[in-house]
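One file, my_file-v2.cif, is given below (mmCIF, C-alpha atoms).
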```cif
data_data
loop_
_atom_site.label_atom_id
_atom_site.label_comp_id
_atom_site.auth_asym_id
_atom_site.auth_seq_id
_atom_site.Cartn_x
_atom_site.Cartn_y
_atom_site.Cartn_z
CA MET A 1 83.25 71.78 37.35
CA GLU A 2 84.73 73.71 40.23
CA LEU A 3 81.60 75.71 40.63
CA LYS A 4 78.99 74.39 42.93
CA LYS A 5 75.66 74.36 41.24
CA THR A 6 73.53 76.86 43.01
CA THR A 7 69.84 77.18 42.58
CA GLY A 8 69.96 79.88 39.93
CA THR A 9 71.12 79.57 36.39
CA THR A 10 74.67 80.14 35.35
CA SER A 11 75.07 83.02 33.00
CA MET A 12 77.58 82.61 30.27
CA LEU A 13 79.67 85.05 28.34
CA SER A 14 80.97 82.97 25.50
CA LYS A 15 84.02 83.22 23.32
CA LYS A 16 84.14 85.88 20.62
CA ILE A 17 81.93 88.15 22.69
CA ASN A 18 83.23 91.49 23.90
CA ILE A 19 81.52 93.42 26.61
CA GLU A 20 82.47 96.77 27.98
CA GLY A 21 80.48 97.89 30.96
CA ASP A 22 79.04 96.73 34.23
CA ILE A 23 77.54 93.47 35.30
CA GLN A 24 75.52 93.27 38.47
CA GLY A 25 73.24 90.70 39.97
CA ASP A 26 72.96 87.58 42.02
CA GLU A 27 73.87 84.77 39.75
CA ASP A 28 76.79 82.63 38.74
CA LEU A 29 78.69 83.82 35.74
CA ARG A 30 81.07 82.06 33.45
CA VAL A 31 83.32 84.21 31.29
CA GLU A 32 84.91 82.70 28.20
CA GLY A 33 84.98 85.91 26.22
CA HIS A 34 86.34 89.37 26.82
CA PHE A 35 84.98 91.62 29.49
CA LYS A 36 86.05 95.09 30.53
CA GLY A 37 84.50 97.05 33.33
CA THR A 38 83.20 95.94 36.68
CA ILE A 39 81.53 92.77 37.84
CA LYS A 40 79.67 92.63 41.11
CA VAL A 41 77.58 89.58 41.78
CA ALA A 42 76.23 87.62 44.69
CA GLY A 43 77.28 84.38 43.12
CA ASP A 44 80.31 82.66 41.70
CA ILE A 45 82.51 83.79 38.86
CA PHE A 46 84.36 81.39 36.65
CA VAL A 47 86.85 82.80 34.19
CA GLY A 48 87.50 80.08 31.63
CA GLN A 49 90.72 79.46 29.75
CA SER A 50 89.72 81.72 26.90
CA GLY A 51 88.33 84.32 29.25
CA VAL A 52 89.94 87.74 29.51
CA VAL A 53 88.65 90.01 32.23
CA GLU A 54 89.90 93.54 32.70
CA ALA A 55 87.75 94.47 35.58
CA ASP A 56 87.29 94.80 39.27
CA VAL A 57 85.52 91.65 40.27
CA GLU A 58 83.43 91.04 43.35
CA ALA A 59 81.82 87.67 43.94
CA ASP A 60 81.42 84.82 46.41
CA ASN A 61 83.74 82.30 44.83
CA ILE A 62 86.09 83.18 42.03
CA VAL A 63 87.83 80.62 39.87
CA ILE A 64 90.39 81.85 37.37
CA GLN A 65 91.57 79.73 34.48
CA GLY A 66 92.10 82.61 32.11
CA GLN A 67 93.37 86.14 32.55
CA VAL A 68 92.16 88.64 35.05
CA THR A 69 93.54 92.15 35.30
CA GLY A 70 92.08 94.14 38.12
CA ASN A 71 91.23 93.91 41.74
CA VAL A 72 89.42 90.86 42.89
CA LEU A 73 87.27 90.35 45.95
CA ALA A 74 86.11 86.87 46.79
CA ARG A 75 83.77 86.73 49.76
CA GLN A 76 84.59 83.07 50.06
CA GLN A 77 87.32 81.51 48.01
CA LEU A 78 89.64 82.66 45.27
CA GLU A 79 91.11 79.95 43.14
CA ILE A 80 93.73 80.57 40.48
CA GLN A 81 94.23 77.43 38.47
CA SER A 82 97.46 76.52 36.74
CA SER A 83 96.49 78.21 33.49
CA GLY A 84 95.18 81.24 35.33
CA GLN A 85 96.65 84.66 35.65
CA LEU A 86 95.76 87.41 38.05
CA LEU A 87 97.33 90.81 37.77
CA GLY A 88 95.94 92.87 40.56
CA ASP A 89 95.16 92.87 44.23
CA CYS A 90 93.01 90.23 45.72
CA LYS A 91 91.00 89.94 48.86
CA ALA A 92 89.51 86.66 49.90
CA LYS A 93 88.57 84.48 52.81
CA SER A 94 90.69 81.69 51.43
CA ILE A 95 93.05 81.46 48.50
CA ASP A 96 94.00 78.53 46.38
CA ILE A 97 96.76 79.14 43.87
CA ARG A 98 97.88 76.20 41.82
CA GLU A 99 101.36 75.61 40.54
CA GLY A 100 101.90 77.38 37.24
CA ALA A 101 99.48 80.13 38.02
CA ILE A 102 100.56 83.73 37.71
CA PHE A 103 99.71 86.22 40.40
CA GLU A 104 101.11 89.69 40.69
CA GLY A 105 99.68 91.93 43.29
CA ARG A 106 98.74 92.26 46.90
CA SER A 107 96.86 89.67 48.76
CA ASN A 108 94.58 90.48 51.62
CA MET A 109 92.67 87.99 53.68
CA ILE A 110 89.22 88.42 55.06
CA ARG A 111 89.42 87.30 58.67
CA SER A 112 86.35 85.50 59.81
CA SER A 113 86.58 87.18 63.22
CA ALA A 114 86.53 90.62 61.68
CA THR A 115 83.31 91.93 60.27
CA PRO A 116 83.20 90.91 56.63
CA SER A 117 81.39 94.10 55.66
CA GLY A 118 82.95 97.07 53.92
CA PRO A 119 85.20 95.00 51.70
CA GLY A 120 86.21 97.56 49.11
CA ALA A 121 88.06 100.21 51.04
CA GLY A 122 89.00 98.25 54.13
CA ALA A 123 92.68 97.57 53.61
CA THR A 124 93.48 98.68 57.11
CA SER A 125 94.39 96.00 59.59
CA SER A 126 95.30 92.81 57.88
CA VAL A 127 98.89 92.26 56.88
CA PRO A 128 99.33 92.78 53.17
CA SER A 129 101.37 89.86 52.02
CA GLU A 130 103.12 90.78 48.83
CA ALA A 131 103.04 87.65 46.74
CA LYS A 132 104.80 88.03 43.45
CA VAL A 133 105.24 85.28 40.98
CA ASN A 134 107.06 86.41 37.90
CA PRO A 135 105.72 84.98 34.68
CA LYS A 136 109.17 84.35 33.24
CA MET B 1 78.85 22.62 2.57
CA THR B 2 75.58 24.31 2.06
CA LEU B 3 75.05 24.22 5.74
CA PHE B 4 78.42 25.74 6.29
CA GLY B 5 77.65 28.26 3.61
CA LYS B 6 74.41 29.10 5.34
CA LYS B 7 76.15 29.33 8.63
CA GLU B 8 78.72 31.63 7.15
CA LYS B 9 75.97 33.73 5.67
CA GLU B 10 74.15 33.76 8.92
CA GLU B 11 77.31 34.71 10.68
CA GLU B 12 77.91 37.41 8.14
CA GLU B 13 74.40 38.62 8.60
CA ALA B 14 74.75 38.41 12.30
CA SER B 15 78.03 40.27 12.20
CA ALA B 16 76.50 42.71 9.74
CA ALA B 17 73.60 43.11 12.10
CA ASP B 18 76.03 43.54 14.95
CA ALA B 19 78.23 45.87 13.02
CA PRO B 20 75.90 48.83 12.95
CA THR B 21 75.00 48.39 16.57
CA ALA B 22 78.56 48.05 17.72
CA PRO B 23 79.78 51.36 16.28
CA LYS B 24 76.68 53.00 17.64
CA SER B 25 77.47 51.96 21.12
CA THR B 26 81.09 53.00 20.74
CA SER B 27 80.11 56.30 19.22
CA GLN B 28 77.62 56.82 21.99
CA SER B 29 80.19 56.07 24.61
CA ALA B 30 82.67 58.22 22.74
CA SER B 31 80.24 61.08 22.65
CA ARG B 32 79.53 60.53 26.31
CA ASN B 33 83.22 60.59 27.00
CA THR B 34 83.71 63.78 25.08
CA LEU B 35 80.83 65.30 26.96
CA LYS B 36 82.44 64.35 30.19
CA SER B 37 86.01 65.13 29.35
CA VAL B 38 85.61 68.30 27.31
CA PRO B 39 82.65 70.22 28.56
CA GLU B 40 84.45 73.43 27.79
CA ASP B 41 84.39 72.84 24.06
CA ARG B 42 80.66 72.67 24.23
CA THR B 43 80.35 75.70 26.36
CA GLU B 44 82.72 77.70 24.21
CA ASP B 45 80.51 77.19 21.21
CA SER B 46 77.32 77.57 23.09
CA THR B 47 75.31 80.70 23.31
CA THR B 48 75.98 83.53 25.64
CA LEU B 49 73.37 83.64 28.34
CA PHE B 50 72.57 86.47 30.65
CA GLY B 51 70.44 85.19 33.46
CA LYS B 52 67.34 86.61 35.05
CA ASN B 53 69.14 88.17 37.96
CA LEU B 54 71.84 89.90 35.99
CA LYS B 55 71.91 93.55 35.14
CA ILE B 56 74.29 94.61 32.43
CA THR B 57 75.12 98.06 31.21
CA GLY B 58 77.58 98.79 28.47
CA ASN B 59 78.61 97.71 25.04
CA VAL B 60 78.36 94.20 23.70
CA SER B 61 80.00 93.13 20.48
CA GLY B 62 81.15 89.93 18.91
CA GLU B 63 80.05 86.75 17.26
CA GLY B 64 77.66 84.08 18.43
CA ASN B 65 74.19 83.67 19.74
CA MET B 66 72.94 85.45 22.77
CA ILE B 67 70.00 85.08 25.10
CA ILE B 68 69.08 87.83 27.51
CA LEU B 69 66.83 86.91 30.40
CA GLY B 70 67.67 89.81 32.67
CA SER B 71 68.11 93.46 32.00
CA PHE B 72 70.49 95.10 29.60
CA GLU B 73 71.19 98.68 28.72
CA GLY B 74 73.56 99.92 26.08
CA GLU B 75 74.93 99.31 22.64
CA PHE B 76 74.65 95.92 21.14
CA ASN B 77 76.46 94.67 18.07
CA LEU B 78 76.28 90.98 17.40
CA LYS B 79 76.99 88.69 14.48
CA GLY B 80 74.44 86.06 15.30
CA GLN B 81 71.07 85.59 16.84
CA LEU B 82 69.79 87.64 19.73
CA LYS B 83 66.95 86.44 21.88
CA VAL B 84 65.27 88.68 24.39
CA ALA B 85 63.38 86.29 26.60
CA GLN B 86 60.10 86.85 28.34
CA GLY B 87 60.60 88.96 31.42
CA ALA B 88 63.78 90.51 30.07
CA LYS B 89 64.10 94.26 29.78
CA VAL B 90 66.50 95.78 27.31
CA LYS B 91 67.22 99.34 26.36
CA GLY B 92 69.47 100.74 23.68
CA ASN B 93 70.56 100.13 20.14
CA PHE B 94 70.65 96.56 18.95
CA ASN B 95 72.32 95.24 15.83
CA ALA B 96 72.24 91.53 15.09
CA THR B 97 71.80 89.06 12.28
CA SER B 98 68.44 88.00 13.60
CA ILE B 99 66.47 89.07 16.63
CA ALA B 100 63.73 87.24 18.47
CA ILE B 101 61.82 89.15 21.11
CA ASN B 102 59.67 87.87 23.92
CA GLY B 103 60.37 90.64 26.39
CA ASP B 104 60.47 94.39 26.70
CA VAL B 105 62.56 96.46 24.31
CA GLU B 106 63.12 100.16 24.23
CA GLY B 107 65.26 101.51 21.44
CA ASP B 108 66.38 100.75 17.93
CA LEU B 109 66.51 97.24 16.57
CA THR B 110 68.40 96.47 13.40
CA ALA B 111 68.57 92.99 11.96
CA THR B 112 70.31 92.01 8.75
CA GLU B 113 68.13 88.94 8.34
CA LYS B 114 64.93 88.94 10.33
CA ILE B 115 63.10 90.01 13.43
CA HIS B 116 60.53 87.95 15.21
CA MET B 117 58.20 89.36 17.83
CA ASP B 118 56.49 86.81 19.98
CA ASN B 119 53.13 87.38 21.62
CA THR B 120 54.71 88.57 24.85
CA ALA B 121 56.91 91.13 23.13
CA ARG B 122 56.64 94.82 23.91
CA ILE B 123 58.65 97.11 21.72
CA ASN B 124 59.03 100.83 21.85
CA GLY B 125 61.27 102.11 19.14
CA ARG B 126 62.47 101.77 15.62
CA ILE B 127 62.89 98.54 13.71
CA VAL B 128 64.96 97.99 10.59
CA THR B 129 64.79 94.54 9.06
CA PRO B 130 64.23 92.88 5.69
CA LYS B 131 61.95 90.23 7.22
CA ILE B 132 59.53 90.56 10.08
CA SER B 133 57.06 88.37 11.85
CA ILE B 134 54.79 89.63 14.59
CA LEU B 135 52.59 87.32 16.57
CA ASP B 136 49.17 88.21 17.82
CA GLY B 137 49.50 89.88 21.21
CA ALA B 138 52.78 91.61 20.56
CA VAL B 139 52.87 95.30 21.33
CA PHE B 140 54.78 97.50 18.95
CA ASP B 141 54.94 101.25 19.30
CA GLY B 142 57.24 102.85 16.84
CA GLU B 143 58.54 102.87 13.37
CA MET B 144 59.28 100.06 10.99
CA GLN B 145 61.60 100.17 8.05
CA MET B 146 61.95 97.28 5.69
CA GLY B 147 63.27 98.92 2.54
CA LYS B 148 66.82 98.91 1.40
CA ARG B 149 69.13 101.09 3.39
CA SER B 150 68.31 104.74 3.92
CA ALA B 151 66.55 105.22 0.56
CA GLN B 152 63.23 105.27 2.36
CA ALA B 153 64.58 107.19 5.27
CA SER B 154 65.60 110.01 2.93
CA ARG B 155 62.07 110.24 1.51
CA PRO B 156 60.38 111.25 4.73
CA ALA B 157 63.25 113.61 5.26
CA ALA B 158 62.49 115.16 1.89
CA VAL B 159 58.82 115.36 2.80
CA ASN B 160 59.49 116.81 6.18
CA PRO B 161 60.60 120.29 5.08
CA SER B 162 57.29 120.87 3.31
CA GLN B 163 55.54 119.74 6.45
CA THR B 164 57.68 121.75 8.74
CA SER B 165 57.48 124.94 6.71
CA PRO B 166 53.77 125.45 7.38
CA ALA B 167 54.48 124.63 10.98
CA SER B 168 57.17 127.27 11.11
CA ALA B 169 54.81 129.61 9.31
CA ALA B 170 52.28 128.90 12.01
CA VAL B 171 54.89 129.72 14.56
CA GLY B 172 55.63 132.89 12.67
CA LYS B 173 51.98 133.96 12.88
CA LYS B 174 52.14 133.81 16.59
#
```
Rewritten as structure tokens:
Amino acid sequence: MELKKTTGTTSMLSKKINIEGDIQGDEDLRVEGHFKGTIKVAGDIFVGQSGVVEADVEADNIVIQGQVTGNVLARQQLEIQSSGQLLGDCKAKSIDIREGAIFEGRSNMIRSSATPSGPGAGATSSVPSEAKVNPK
Amino acid sequence: MTLFGKKEKEEEEASAADAPTAPKSTSQSASRNTLKSVPEDRTEDSTTLFGKNLKITGNVSGEGNMIILGSFEGEFNLKGQLKVAQGAKVKGNFNATSIAINGDVEGDLTATEKIHMDNTARINGRIVTPKISILDGAVFDGEMQMGKRSAQASRPAAVNPSQTSPASAAVGKK
């Protein structure tokens, strides 16, 4: 759908599956189940409508249709679709938040001029725009 | 009249002949449409897949089928079928309804139905299952238990003290 098909396979965490732990690798991942922990991939992450992620997420592109609680780093684009919910800070090169989406947290942009390395701790220069959309 | 009757019959036959084809085409197009419009329903039911380049540590639980192509380490509790593909490396305790192994496994495997080891399987650990199949070429180092529950497990435990006592006696001599 929104994910561009890269060369590798897309891993899938389906509904009714609970995982607590870490996921690492270079692959696209689709989450329809429940995940708790940390995700760090050199690929895209798609959180489907039934997906619940309580984790710090780091990926190239991140698309959220379900619920994400935690800090999110998208090296490219973060997209929160209308059914999506993000509770936590985000850092991305570009953000796309659709109408109806819920986002509570800080947003931080990766400037293309600045060195894109050191993404985790570097909350130094860029202006933290406090975007709050109340769910009710 | 007979001609008309024949024609009617022919038409009926023709329509009857058409009838099965027509629904087919509609059902095909319908199925195509559903494939296009609701891909998520398919994916929701489909198996969980952990790709080659994914490394997962932690606990997995739930319902459904799962295929592991990459590496996994931790506890595993699944109501469904687990497949460890060729090239995959898994470590830990695995509980599932049925388990099929083509890759490397280190740890305990427990299946409520069956375990299948393919010819590329390498297993180091303990297996508990009511049904087993091992193909030629599979490597299995460890212990197998196929009896009911821990009835057999208690027997070696009962035997062990008699075995250990001479050992301890031997230690005592030293």
Exercise. Any chance you could work out the residue set of the PyMOL selection byres ((chain A and resi 44) around 12) here, as a PyMOL selection string?
Worked result: chain A and resi 2-12+25-31+39-43+45-47+57-64+73-79
Around all listed atoms of segment 68-85 of chain A, padded 8 Å per side, what centre and edge lengths does the axis-aligned box have in Å to one decimal, as lines of an AutoDock Vina configuration file?
```
center_x = 90.6
center_y = 85.3
center_z = 41.8
size_x = 29.7
size_y = 33.6
size_z = 32.6
```
Exercise. Within 10 Å of Gly66 of chain A, counting all atoms listed in the file, which residues qualify if same-chain residues fewer than 3 places away don't, as a ChimeraX atom specification?
Worked result: /A:31-33,46-53,63,80-86,101
Exercise. Residues picked by the PyMOL selection byres ((chain B and resi 43-58) around 6) here, as number ranges by chain?
Worked result: A: 11-15, 20-26; B: 40-42, 59, 65-74
Problem set entry | Å distance separating atom CA of Gly70 of chain A from atom CA of Val60 of chain B, one decimal place |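 One can read the atom CA of Gly70 of chain A to atom CA of Val60 of chain B distance as 19.9 Å.
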Problem set entry | Distance of atom CA of Gly88 of chain A from atom CA of Asn108 of chain A, expressed in Å to one decimal place |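 Taking atom CA of Asn108 of chain A as the start and atom CA of Gly88 of chain A as the end point, the length is 11.4 Å.
Computed from the coordinates, the atom CA of Gly92 of chain B to atom CA of Asp108 of chain B distance equals 6.5 Å.
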Problem set entry | Hits of the PyMOL selection byres ((chain B and resi 113) around 8) in this structure, as a PyMOL selection string | chain B and resi 97-98+111-112+114-115+129-131
Problem set entry | Shell around segment 139-142 of chain B at 8 Å using only C-alpha atoms, local window under 3 positions removed, as an NGL selection string | :B and (119-127)
Using C-alpha atoms, can you export the residues from the last selection as a PDB file, in the coordinates of the input?
```pdb
ATOM      1  CA  ASN B 119      53.130  87.380  21.620  1.00  0.00           C
ATOM      2  CA  THR B 120      54.710  88.570  24.850  1.00  0.00           C
ATOM      3  CA  ALA B 121      56.910  91.130  23.130  1.00  0.00           C
ATOM      4  CA  ARG B 122      56.640  94.820  23.910  1.00  0.00           C
ATOM      5  CA  ILE B 123      58.650  97.110  21.720  1.00  0.00           C
ATOM      6  CA  ASN B 124      59.030 100.830  21.850  1.00  0.00           C
ATOM      7  CA  GLY B 125      61.270 102.110  19.140  1.00  0.00           C
ATOM      8  CA  ARG B 126      62.470 101.770  15.620  1.00  0.00           C
ATOM      9  CA  ILE B 127      62.890  98.540  13.710  1.00  0.00           C
TER      10      ILE B 127
END
```
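Considering the residues A:Gln65, A:Gly100, A:Asp56, A:Cys90 and counting all atoms listed in the file, chain B has its shortest atom-to-atom contact with A:Gln65.
Every protein, DNA or RNA residue with an atom at most 7 Å from Leu78 of chain B, where all atoms listed in the file count and chain neighbours fewer than 6 positions away do not, is listed here: Ser61, Gly62, Glu63, Asn95 and Ala96 of chain B.
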Write out, as a tab-separated table (two decimals), in the coordinates of the input, the residues just selected, with C-alpha atoms.
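Writing the result to out_15.tsv gives the following:
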```tsv
chain	number	residue	atom	x	y	z
B	61	SER	CA	80.00	93.13	20.48
B	62	GLY	CA	81.15	89.93	18.91
B	63	GLU	CA	80.05	86.75	17.26
B	95	ASN	CA	72.32	95.24	15.83
B	96	ALA	CA	72.24	91.53	15.09
```
